[in-house]
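To start, the structure itself, in structure tokens.
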Amino acid sequence: MANYSVIFFITMAINVIVTFLSWFFGGKEEENISAEQKTRHTQLLRKYLIVYLLATLSDWLQGPYVYALYDAYGYSQHDIAILFVAGFGSSMVFGSFIGGMADWGGRRKFIIIFAITYAASCITKHFKDFNILMLGRLLGGIATSLLFSVFEAWLIRSHSDAQLGRNFLSKSFAWAAYGNSVIAIGAGLVANWAAGAVEMKPVTNGSDIIHVGGYLSPFDISFVALVLCGMCCAALWDENYGDQGDDQKSGDDNRQSKWYDGLRNAYTVTIRSRDILLCGIISSLFEGSMYIFVFMWTPALKKFAEEGTSLPFGLIFSTFMVACMAGSSLFSILVTRIKVEAMAVGVFAASALAMALVALGSSDVTLYSGMLIFEMCVGMYFPVMGTMKGTIVPEDKRAAIYNLYRIPLNCIVLFSLLTDLTPNISFTLNTGMLCVATLLQAILMTRRLNMTKMSDLKERSQQEQSATIVDGDEESAALVARKE
């Protein structure tokens, strides 16, 4: 049986080394950047991280105890599966148009709506009533759609408004991914302590509907984090919109007359642009494999556990998060040396190899090693994909298109929930999806490089034409001077 404690410390040592190297080598490109730009970026990043990390803290606090809570209420595995399907289905349906509403109505406003919606979902967990719990899953699905689209859209637009280039945006995504991993580890420890501090029991002896304590305590802490998230967003963030937001503020209401126009316009733009479409398919394939991995890593490792022994799931989860942190630090080192499009090809290829190792592993050490490599790739994926989407997806439809990307992702997740696939088959499916993602990313990279070359050639041609005109004017002036 694998020594998970030793593997944790080895992974932590790798993370410390890579993080130190990212601090030492990651800032080499900053020599031509002004102190004013650095100050603007620091201020923007600080405002963003306060709100974003409170949001992710609320999400991480809830994640480990949703299934456990439903099980403690006495619901069957079938009922719990229905509740989970409802959550992902809600994210797929409502998320398809709510992003367009955020582009149109204001992203800061919809992040406050996220905090209110997710907080309401936390409140429903106290009720041992299937219909109320179902409502909570629907609200949670809406909040999840906002969490994984509107925050990123606000950040990218804010960088543009502050005149901070792609280099700063990449660093912001790297910091966000690193901070998210740190928050995940802390949230796991806090939630574990809170869940065991007080026994779960009904509020009154005569009624078995409303409960407190036990597995509900992490949801209560999450509620507090969401209240703080909404308050900090309202106090610290400026409102921003898609590029068409200025038209709205000036009174032009013709640009989007119906609530579904954002979805329709986002769909049209995505279908017509091969780069946007490729980007969406790639992100759905990778994130779909990531969710399947989340569902399947526990039974996969259990298969190799000795009879009568329990696995240290908290330690294993923390090791995964440390590997993610190492991945985001590795991105910070490589981003100044490798184009993100090329880096993405390497990330997806390494992910496919890691997942193949998990699918074919004949021992727990081999299996776990593949999982840790995959988690490191996850840590690199989010800043890589965030930077790519920041340059490919148009600003005026950004949140709408990001939520459109989540429709095939949720279809993949629903397929995983509704089918009875074994861990080996699931990981084999992941390997195939990641191989396809690698191939599509190579195509996208080639297209982006060709576009850059064509743009450079066009700019050079224009410069040469300008130089020819200037030379011609000088020759004409010389001839006139001779005649005179």
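Residues are referred to by chain and number: the chain letter is A, B, ... according to the order shown in the structure tokens, the number counts from 1 in that chain, and ligands are numbered separately from 1 in the order shown.
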Closest atom pairs, stretch 139-255 of chain A residues within 12 Å of stretch 112-133 of chain A, only C-alpha atoms, as a tab-separated table:
residue	atom	partner	partner_atom	distance
A:Leu139	CA	A:Ser121	CA	5.6
A:Gly140	CA	A:Tyr118	CA	5.7
A:Gly141	CA	A:Tyr118	CA	8.8
A:Ile142	CA	A:Thr117	CA	7.6
A:Ala143	CA	A:Phe114	CA	5.1
A:Thr144	CA	A:Phe114	CA	8.1
A:Ser145	CA	A:Phe114	CA	8.9
A:Leu146	CA	A:Phe114	CA	6.2
A:Leu147	CA	A:Phe114	CA	7.2
A:Phe148	CA	A:Phe114	CA	10.7
A:Ser149	CA	A:Phe114	CA	11.0
A:Val150	CA	A:Phe114	CA	9.3
A:Phe151	CA	A:Phe114	CA	10.1
A:Met200	CA	A:His126	CA	10.1
A:Lys201	CA	A:His126	CA	10.2
A:Pro202	CA	A:His126	CA	9.1
A:Val203	CA	A:His126	CA	9.7
A:Ser207	CA	A:Lys128	CA	10.3
A:Asp208	CA	A:Lys128	CA	7.3
A:Ile209	CA	A:Lys128	CA	4.9
A:Ile210	CA	A:Phe127	CA	4.7
A:His211	CA	A:His126	CA	5.2
A:Val212	CA	A:His126	CA	6.4
A:Gly213	CA	A:His126	CA	9.2
A:Gly214	CA	A:His126	CA	10.8
A:Tyr215	CA	A:Lys125	CA	9.6
A:Leu216	CA	A:His126	CA	6.8
A:Ser217	CA	A:His126	CA	9.8
A:Pro218	CA	A:Cys122	CA	9.4
A:Phe219	CA	A:Cys122	CA	5.6
A:Asp220	CA	A:Cys122	CA	7.0
A:Ile221	CA	A:Cys122	CA	9.4
A:Ser222	CA	A:Cys122	CA	7.4
A:Phe223	CA	A:Ala119	CA	5.1
A:Val224	CA	A:Ala119	CA	8.2
A:Ala225	CA	A:Ala119	CA	8.9
A:Leu226	CA	A:Ala115	CA	5.1
A:Val227	CA	A:Ala115	CA	6.6
A:Leu228	CA	A:Ala115	CA	8.7
A:Cys229	CA	A:Ala115	CA	6.6
A:Gly230	CA	A:Ile112	CA	4.9
A:Met231	CA	A:Ile112	CA	7.9
A:Cys232	CA	A:Ile112	CA	9.4
A:Cys233	CA	A:Ile112	CA	6.9
A:Ala234	CA	A:Ile112	CA	7.2
A:Ala235	CA	A:Ile112	CA	10.8
A:Leu236	CA	A:Ile112	CA	12.0
A:Trp237	CA	A:Ile112	CA	10.7
A:Glu239	CA	A:Ile112	CA	11.2
File of the preceding selection, C-alpha atoms, as a PDB file, in the first residue's frame:
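again11.pdb was written with the following content:
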ATOM      1  CA  LEU A 139     -29.862  27.693  -6.899  1.00  0.00           C
ATOM      2  CA  GLY A 140     -26.428  26.103  -6.522  1.00  0.00           C
ATOM      3  CA  GLY A 141     -26.330  25.306 -10.248  1.00  0.00           C
ATOM      4  CA  ILE A 142     -27.045  28.941 -11.121  1.00  0.00           C
ATOM      5  CA  ALA A 143     -24.374  30.129  -8.684  1.00  0.00           C
ATOM      6  CA  THR A 144     -21.813  27.694 -10.094  1.00  0.00           C
ATOM      7  CA  SER A 145     -22.394  29.034 -13.610  1.00  0.00           C
ATOM      8  CA  LEU A 146     -21.720  32.565 -12.378  1.00  0.00           C
ATOM      9  CA  LEU A 147     -18.657  31.497 -10.368  1.00  0.00           C
ATOM     10  CA  PHE A 148     -16.935  29.943 -13.380  1.00  0.00           C
ATOM     11  CA  SER A 149     -17.693  32.695 -15.888  1.00  0.00           C
ATOM     12  CA  VAL A 150     -18.476  36.171 -14.561  1.00  0.00           C
ATOM     13  CA  PHE A 151     -15.475  36.469 -12.226  1.00  0.00           C
ATOM     14  CA  MET A 200     -26.193  17.233  13.779  1.00  0.00           C
ATOM     15  CA  LYS A 201     -29.670  17.308  15.295  1.00  0.00           C
ATOM     16  CA  PRO A 202     -33.151  18.768  14.693  1.00  0.00           C
ATOM     17  CA  VAL A 203     -33.869  22.239  16.057  1.00  0.00           C
ATOM     18  CA  SER A 207     -40.129  18.409  14.339  1.00  0.00           C
ATOM     19  CA  ASP A 208     -37.615  16.558  12.194  1.00  0.00           C
ATOM     20  CA  ILE A 209     -37.564  19.134   9.381  1.00  0.00           C
ATOM     21  CA  ILE A 210     -34.966  21.772  10.346  1.00  0.00           C
ATOM     22  CA  HIS A 211     -31.511  20.608  11.476  1.00  0.00           C
ATOM     23  CA  VAL A 212     -28.327  22.279  12.740  1.00  0.00           C
ATOM     24  CA  GLY A 213     -24.754  21.209  13.495  1.00  0.00           C
ATOM     25  CA  GLY A 214     -22.722  18.330  12.131  1.00  0.00           C
ATOM     26  CA  TYR A 215     -22.437  18.261   8.347  1.00  0.00           C
ATOM     27  CA  LEU A 216     -24.399  21.533   8.212  1.00  0.00           C
ATOM     28  CA  SER A 217     -21.649  23.525   9.950  1.00  0.00           C
ATOM     29  CA  PRO A 218     -19.454  23.826   6.798  1.00  0.00           C
ATOM     30  CA  PHE A 219     -22.481  25.252   4.954  1.00  0.00           C
ATOM     31  CA  ASP A 220     -22.975  27.826   7.712  1.00  0.00           C
ATOM     32  CA  ILE A 221     -19.340  28.944   7.423  1.00  0.00           C
ATOM     33  CA  SER A 222     -19.806  29.060   3.652  1.00  0.00           C
ATOM     34  CA  PHE A 223     -22.840  31.331   4.173  1.00  0.00           C
ATOM     35  CA  VAL A 224     -20.669  33.780   6.136  1.00  0.00           C
ATOM     36  CA  ALA A 225     -17.980  33.687   3.413  1.00  0.00           C
ATOM     37  CA  LEU A 226     -20.628  34.469   0.773  1.00  0.00           C
ATOM     38  CA  VAL A 227     -21.975  37.437   2.736  1.00  0.00           C
ATOM     39  CA  LEU A 228     -18.428  38.809   3.002  1.00  0.00           C
ATOM     40  CA  CYS A 229     -17.876  38.094  -0.713  1.00  0.00           C
ATOM     41  CA  GLY A 230     -20.937  40.118  -1.720  1.00  0.00           C
ATOM     42  CA  MET A 231     -20.068  42.996   0.635  1.00  0.00           C
ATOM     43  CA  CYS A 232     -16.438  43.175  -0.531  1.00  0.00           C
ATOM     44  CA  CYS A 233     -17.521  43.060  -4.178  1.00  0.00           C
ATOM     45  CA  ALA A 234     -19.943  45.952  -3.635  1.00  0.00           C
ATOM     46  CA  ALA A 235     -17.298  47.980  -1.789  1.00  0.00           C
ATOM     47  CA  LEU A 236     -14.131  47.240  -3.796  1.00  0.00           C
ATOM     48  CA  TRP A 237     -15.078  46.501  -7.402  1.00  0.00           C
ATOM     49  CA  GLU A 239     -18.866  47.847 -12.480  1.00  0.00           C
TER      50      GLU A 239
END
- Query: Near stretch 5-12 of chain A, counting only C-alpha atoms, which residues have an atom at most 10 Å away, once you skip same-chain residues fewer than 5 positions from it, shown as a list in words?
  - Reply: Ile17, Val18, Pro312, Leu315, Ile316, Phe317, Ser318, Thr319, Phe320, Met321, Val322, Ala323, Met325, Ala326, Val365, Tyr368, Ser369 and Leu372 of chain A
Same residues, C-alpha atoms, output as a PDB file, in the first residue's frame:
ATOM      1  CA  ILE A  17      11.059  24.311  -5.032  1.00  0.00           C
ATOM      2  CA  VAL A  18       8.892  25.212  -8.035  1.00  0.00           C
ATOM      3  CA  PRO A 312      -6.626   9.042   4.474  1.00  0.00           C
ATOM      4  CA  LEU A 315      -4.463  13.856   3.229  1.00  0.00           C
ATOM      5  CA  ILE A 316      -4.926  12.621  -0.346  1.00  0.00           C
ATOM      6  CA  PHE A 317      -7.088  15.638  -1.212  1.00  0.00           C
ATOM      7  CA  SER A 318      -4.511  18.006   0.317  1.00  0.00           C
ATOM      8  CA  THR A 319      -1.776  16.351  -1.754  1.00  0.00           C
ATOM      9  CA  PHE A 320      -3.846  16.930  -4.891  1.00  0.00           C
ATOM     10  CA  MET A 321      -4.143  20.634  -4.027  1.00  0.00           C
ATOM     11  CA  VAL A 322      -0.400  20.921  -3.367  1.00  0.00           C
ATOM     12  CA  ALA A 323       0.209  19.420  -6.827  1.00  0.00           C
ATOM     13  CA  MET A 325      -0.178  24.788  -6.559  1.00  0.00           C
ATOM     14  CA  ALA A 326       3.027  23.433  -8.081  1.00  0.00           C
ATOM     15  CA  VAL A 365       1.700   3.907  -6.368  1.00  0.00           C
ATOM     16  CA  TYR A 368      -1.527   7.802  -7.469  1.00  0.00           C
ATOM     17  CA  SER A 369       1.513   9.107  -9.347  1.00  0.00           C
ATOM     18  CA  LEU A 372      -0.708  13.785  -9.048  1.00  0.00           C
TER      19      LEU A 372
END
- Query: What's the 10 Å shell around stretch 274-282 of chain A, counting only C-alpha atoms, without same-chain residues fewer than 3 positions away, as a VMD selection string?
  - Reply: chain A and resid 267 269 to 271 285 to 288 348 385 388 to 389 391 to 394 401 to 409 433 to 434 436 to 441 443 to 445 447 to 448
- Tell me, as a ChimeraX atom specification, which residues lie within 9 Å of A:Tyr70, counting only C-alpha atoms; anything in the same chain fewer than 4 positions away does not count. /A:65-66,74-76,79-80,125,128,133
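If only C-alpha atoms are the atoms counted, then among A:Leu53, A:Ala266, A:Ile33, A:Ile185 the closest residue to A:Asp396 is A:Ala266.
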- Task: Could you check how far atom CA of A:Val93 sits from atom CA of A:Tyr241, in Å to one decimal?
- Result: 22.4 Å
- Find the residues around stretch 155-158 of chain A up to 8 Å (only C-alpha atoms counted), leave out those fewer than 2 positions away in its own chain, and share them as a list in words.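 In the requested format, the answer is Leu44, Tyr48, Phe151, Glu152, Ala153, Ser160, Asp161, Ala162, Leu169, Asn240, Tyr241, Gly242, Gly390 and Glu395 of chain A.
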What would the file look like if the residues just selected were written as a PDB file, in the first residue's frame with N, CA and C atoms?
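The result, written out as out_14.pdb:
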ATOM      1  N   LEU A  44      -5.256  46.123  -8.605  1.00  0.00           N
ATOM      2  CA  LEU A  44      -6.346  45.376  -9.239  1.00  0.00           C
ATOM      3  C   LEU A  44      -6.367  43.933  -8.760  1.00  0.00           C
ATOM      4  N   TYR A  48      -9.312  41.896  -6.719  1.00  0.00           N
ATOM      5  CA  TYR A  48      -9.914  40.708  -7.318  1.00  0.00           C
ATOM      6  C   TYR A  48      -9.802  39.501  -6.389  1.00  0.00           C
ATOM      7  N   PHE A 151     -16.683  36.000 -12.900  1.00  0.00           N
ATOM      8  CA  PHE A 151     -15.475  36.469 -12.226  1.00  0.00           C
ATOM      9  C   PHE A 151     -14.343  36.672 -13.241  1.00  0.00           C
ATOM     10  N   GLU A 152     -14.158  35.677 -14.080  1.00  0.00           N
ATOM     11  CA  GLU A 152     -13.090  35.737 -15.079  1.00  0.00           C
ATOM     12  C   GLU A 152     -13.340  36.858 -16.090  1.00  0.00           C
ATOM     13  N   ALA A 153     -14.602  37.018 -16.490  1.00  0.00           N
ATOM     14  CA  ALA A 153     -14.945  38.088 -17.434  1.00  0.00           C
ATOM     15  C   ALA A 153     -14.661  39.456 -16.830  1.00  0.00           C
ATOM     16  N   SER A 160      -8.101  45.203 -19.208  1.00  0.00           N
ATOM     17  CA  SER A 160      -8.172  46.022 -20.421  1.00  0.00           C
ATOM     18  C   SER A 160      -8.408  47.491 -20.079  1.00  0.00           C
ATOM     19  N   ASP A 161      -9.316  47.762 -19.143  1.00  0.00           N
ATOM     20  CA  ASP A 161      -9.606  49.140 -18.754  1.00  0.00           C
ATOM     21  C   ASP A 161      -8.393  49.810 -18.101  1.00  0.00           C
ATOM     22  N   ALA A 162      -7.601  48.998 -17.372  1.00  0.00           N
ATOM     23  CA  ALA A 162      -6.410  49.535 -16.704  1.00  0.00           C
ATOM     24  C   ALA A 162      -5.192  49.571 -17.620  1.00  0.00           C
ATOM     25  N   LEU A 169      -2.149  39.801 -17.309  1.00  0.00           N
ATOM     26  CA  LEU A 169      -3.320  38.927 -17.208  1.00  0.00           C
ATOM     27  C   LEU A 169      -2.904  37.498 -16.861  1.00  0.00           C
ATOM     28  N   ASN A 240     -18.314  46.679 -14.527  1.00  0.00           N
ATOM     29  CA  ASN A 240     -17.916  46.655 -15.931  1.00  0.00           C
ATOM     30  C   ASN A 240     -18.867  45.765 -16.729  1.00  0.00           C
ATOM     31  N   TYR A 241     -18.904  46.015 -18.010  1.00  0.00           N
ATOM     32  CA  TYR A 241     -19.838  45.351 -18.923  1.00  0.00           C
ATOM     33  C   TYR A 241     -19.038  44.761 -20.075  1.00  0.00           C
ATOM     34  N   GLY A 242     -19.774  44.160 -21.027  1.00  0.00           N
ATOM     35  CA  GLY A 242     -19.161  43.878 -22.315  1.00  0.00           C
ATOM     36  C   GLY A 242     -18.882  45.201 -23.009  1.00  0.00           C
ATOM     37  N   GLY A 390      -8.885  34.971 -22.867  1.00  0.00           N
ATOM     38  CA  GLY A 390      -8.843  36.424 -22.759  1.00  0.00           C
ATOM     39  C   GLY A 390      -8.528  37.109 -24.070  1.00  0.00           C
ATOM     40  N   GLU A 395     -14.959  40.636 -26.038  1.00  0.00           N
ATOM     41  CA  GLU A 395     -15.290  41.192 -24.727  1.00  0.00           C
ATOM     42  C   GLU A 395     -16.790  41.365 -24.518  1.00  0.00           C
TER      43      GLU A 395
END
- So which bits of stretch 156-252 of chain A end up alpha helix (DSSP H) when you DSSP the backbone, as a ChimeraX atom specification? /A:156-161,166-197,217-236,245-249
